[in-house]
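Have a look at the structure below, then the notes.
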There are 2 protein chains.
Amino acid sequence: MNEGLDWQCPRLVDGPPGQVTLLHGEGGRGSREFLRRWIHSKFSAAATADGVDGWSDAARLDSGVASLAFTTDSFVVSPLFFPGGDIGRLAVVGTANDLAMVGARPRWLSLSLLIEEGLPIAILERVLESVRVTAAELSLTVVTGDTKVLPRGGVDQLYVNTSGIGQLLSLEHAPSGDLSPGDELLVSGPIGQHGMAVMSARESLGLSSDLQSDCGSLWPVVAALQAAQIPYKSLRDATRGGLAAVLHEWAEASGLTMAIGEREIPVTASVRGMAELLGIDPLFVANEGTMVIAVPTGWSERCLAACRTVPISRAAACIGRVTERQQAAVTVVRSLGRPLPLDEPTTAMLPRIC
Amino acid sequence: MNEGLDWQCPRLVDGPPGQVTLLHGEGGRGSREFLRRWIHSKFSAAATADGVDGWSDAARLDSGVASLAFTTDSFVVSPLFFPGGDIGRLAVVGTANDLAMVGARPRWLSLSLLIEEGLPIAILERVLESVRVTAAELSLTVVTGDTKVLPRGGVDQLYVNTSGIGQLLSLEHAPSGDLSPGDELLVSGPIGQHGMAVMSARESLGLSSDLQSDCGSLWPVVAALQAAQIPYKSLRDATRGGLAAVLHEWAEASGLTMAIGEREIPVTASVRGMAELLGIDPLFVANEGTMVIAVPTGWSERCLAACRTVPISRAAACIGRVTERQQAAVTVVRSLGRPLPLDEPTTAMLPRIC
């Protein structure tokens with residue numbers, strides 16, 4: 001896999017000069033550099049000047065006494081329906097999770113639809129019903145929307161944008177993002193399920209009937225951590241680019257090394273089987289209901305205990321720790337027992353995974 | 001034109017059964033029925049139960065002491081650049097205007113990009129720079145975003161979603177929407193410029209060099225009305241479906257008739273010329289910086305005076321009034337001097353106009 005990555009990387013990263021490539025949207029290094037160069041450079045300074053806390057998946061806003069979080073996400077997953085979810089559920093959960101990751105309770109949602117002319121109403125209805133049911137399940141309210149219909153070929157069936165507003169009950173609940181050596185790293189559940197489920201639906205592989213997306217809300221987990229007064233330092237749902245992308249982002253932001261052990265990382269038997277069959281490392285596969293948590297030294301057991309009170313994170317595990325910067329930004333102890341560098345995701349492995 | 005509408009209407013409204021048609025996204029009766037049937041039916045009840053004031057282009061939220069407005073819009077205009085604007089400016093202005101229409105000061109914006117693989121970076125950069133400049137011009141801050149890159153053909157170049165949060169400084173500034181016979185109707189400026197400018201760019205008509213989109217912020221106008229304590233009852237930017245669509249919505253919501261005079265409606269010479277050439281009624285053409293205002297009897301002069309203090313609305317005009325329900329929901333006095341029924345937009349006249 002890593003050799004595959006290295007081989008494909010230069011071709012795709014360099015891409016045709018002056019063009020946007022698939023890689024720019026994949027959540028790995030290409031995305032990060034693209035965002036920094038073209039988006040952050042345009043908008044971060046003004047946001048900071050306006051008193052908004054940086055530019056992230058969700059911005060923190062100060063509206064009078066109440067502190068709010070604000071986020072947006074577009075969903076273009078193909079196919080629209082996959083084991084364990086669909087684009088409607090994904091759109092609600094994905095945006096809610098971005099809010100939860102800044103410590104905010106997801107509260108209000110907008111819903112914008114780009115529909116291809118000729119889409120069967122029955123499909124639209126299934127998706128909207130899924131949005132409705134999922135929003136109710138997550139106790140959040142869809143309050144505004146927009147609908148555009150495009151001529152055939154203008155979109156592929158249906159794309160959904162959800163933006164969300166969350167309430168940050170206390171500024172203490174906003175993760176500082178300030179990692180130090182010794183901090184402990186956890187994942188909230190088994191990794192790789194969403195990407196593998198979508199891939200299996202896309203390829204009609206039908207390999208494993210119990211392969212399901214993890215598509216689900218992480219707010220109950222964050223709420224449990226807040227209730228247990230776990231002083232989490234960073235929270236991140238491991239979507240595009242998977243666990244590897246999150247660890248690389250944190251390594252770069254902190255200038256430290258993220259050191260994890262492969263055997264510590266929960267992976268279901270069906271994900272493991274499909275990963276071996278396809279030669280894909282689950283560390284690089286997208287999740288939609290699994291997050292990485294960083295807590296100070298000595299807090300991982302209490303953090304695990306809090307996670308285990310919530311169904312979606314009952315299989316949470318401590319997977320490693322933050323260390324002083326080593327040669328590699330992220331290391332993983334594989335079967336041989338020695339820490340090996342973990343590449344940053346740099347290929348356009350799975351376009352339209354979310 | 002009207003005969004054309006009647007002729008095309010049944011074919012397009014009925015469309016292929018069980019499919020979404022272009023008409024469902026055009027802003028006229030088809031859109032309204034589509035939204036009511038498939039969107040409002042799903043989400044309005046929960047929004048009301050959550051204390052949110054109805055479902056409209058922008059929802060009013062109560063977050064502690066501060067009352068907020070929240071809106072979303074996706075932009076799929078083709079071509080990306082047109083006289084007087086581009087998709088970036090349109091995305092900022094369009095979402096800001098939705099907030100202004102509920103009386104809120106536009107404050108924060110999210111930016112979600114759907115990019116087609118291979119899009120020249122130079123095009124993306126022009127659009128982002130336009131977003132940056134327009135946001136600065138409107139004193140609003142882009143605080144969060146999302147970027148997805150789709151394989152070729154997944155989108156046509158670039159679509160942009162902006163969601164926005166505005167501050168409602170006083171609940172008195174929220175229009176009641178409660179129209180009565182005798183209310184006076186105004187437009188804030190000449191109609192039809194956006195649609196005609198996009199059409200001219202699309203068809204490379206090059207008919208008129210002074211044909212420009214009206215793409216601009218209406219918040220300064222609303223702020224001027226608030227400062228002058230104009231007790232406006234309804235505000236609506238006349239986007240898809242044009243002035244005709246707004247008047248029909250108001251007629252349906254109030255059960256009254258909107259009676260306007262064609263000669264009272266400001267239309268620029270270049271829009272008029274192109275309209276005559278193409279056989280299109282400017283009443284049906286989209287605007288992106290022009291709104292309809294309803295004020296109580298006797299308030300139109302003071303409303304006009306307030307509008308004229310702001311450059312974008314210096315050509316505002318009183319165009320008619322609300323009457324008891326007549327046979328037709330909307331009537332227009334054309335050249336013959338008798339009120340004629342004005343059809344509701346029911347054709348897919350201009351897909352991808354915004």
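Please note that chains go A, B, ... in the order of the structure tokens, that every chain numbers its residues from 1, and that ligands are numbered from 1 in the order shown.
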
List as CSV every residue of range 162-219 of chain A that is in contact with range 223-230 of chain A, defined as an atom at most 10 Å from one of its atoms (using only C-alpha atoms), together with the nearest atom pair and the distance in Å rounded to one decimal, sorted by chain and then rising number.
residue,atom,partner,partner_atom,distance
A:Glu172,CA,A:Gln226,CA,9.3
A:His173,CA,A:Gln226,CA,6.8
A:Leu218,CA,A:Ala223,CA,8.7
A:Trp219,CA,A:Ala223,CA,5.9

For Lys233 in chain B, please output as a CSV table (one decimal) with C-alpha atoms, in the first residue's frame all residues within 6 Å (counting only C-alpha atoms; exclusion window: fewer than 2 positions along the same chain).
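To be explicit, this is the file written out as selection23.csv:
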chain,number,residue,atom,x,y,z
B,175,PRO,CA,-41.3,41.9,8.7
B,176,SER,CA,-44.6,40.4,9.8
B,177,GLY,CA,-45.6,39.3,6.3
B,294,ALA,CA,-44.9,46.2,1.1
B,295,VAL,CA,-45.7,49.1,3.4

Item to check | Nearby residues (only C-alpha atoms) at most 8 Å from Ala135 in chain B, same-chain spacing under 6 positions excluded, as number ranges by chain | outcome: B: 92, 141-142

Item to check | Every residue of range 56-301 of chain A that DSSP places in alpha helix (DSSP H), as an MDAnalysis selection string | outcome: chainID A and resid 87:100 121:137 193:202 219:227 242:254 269:278 300:301
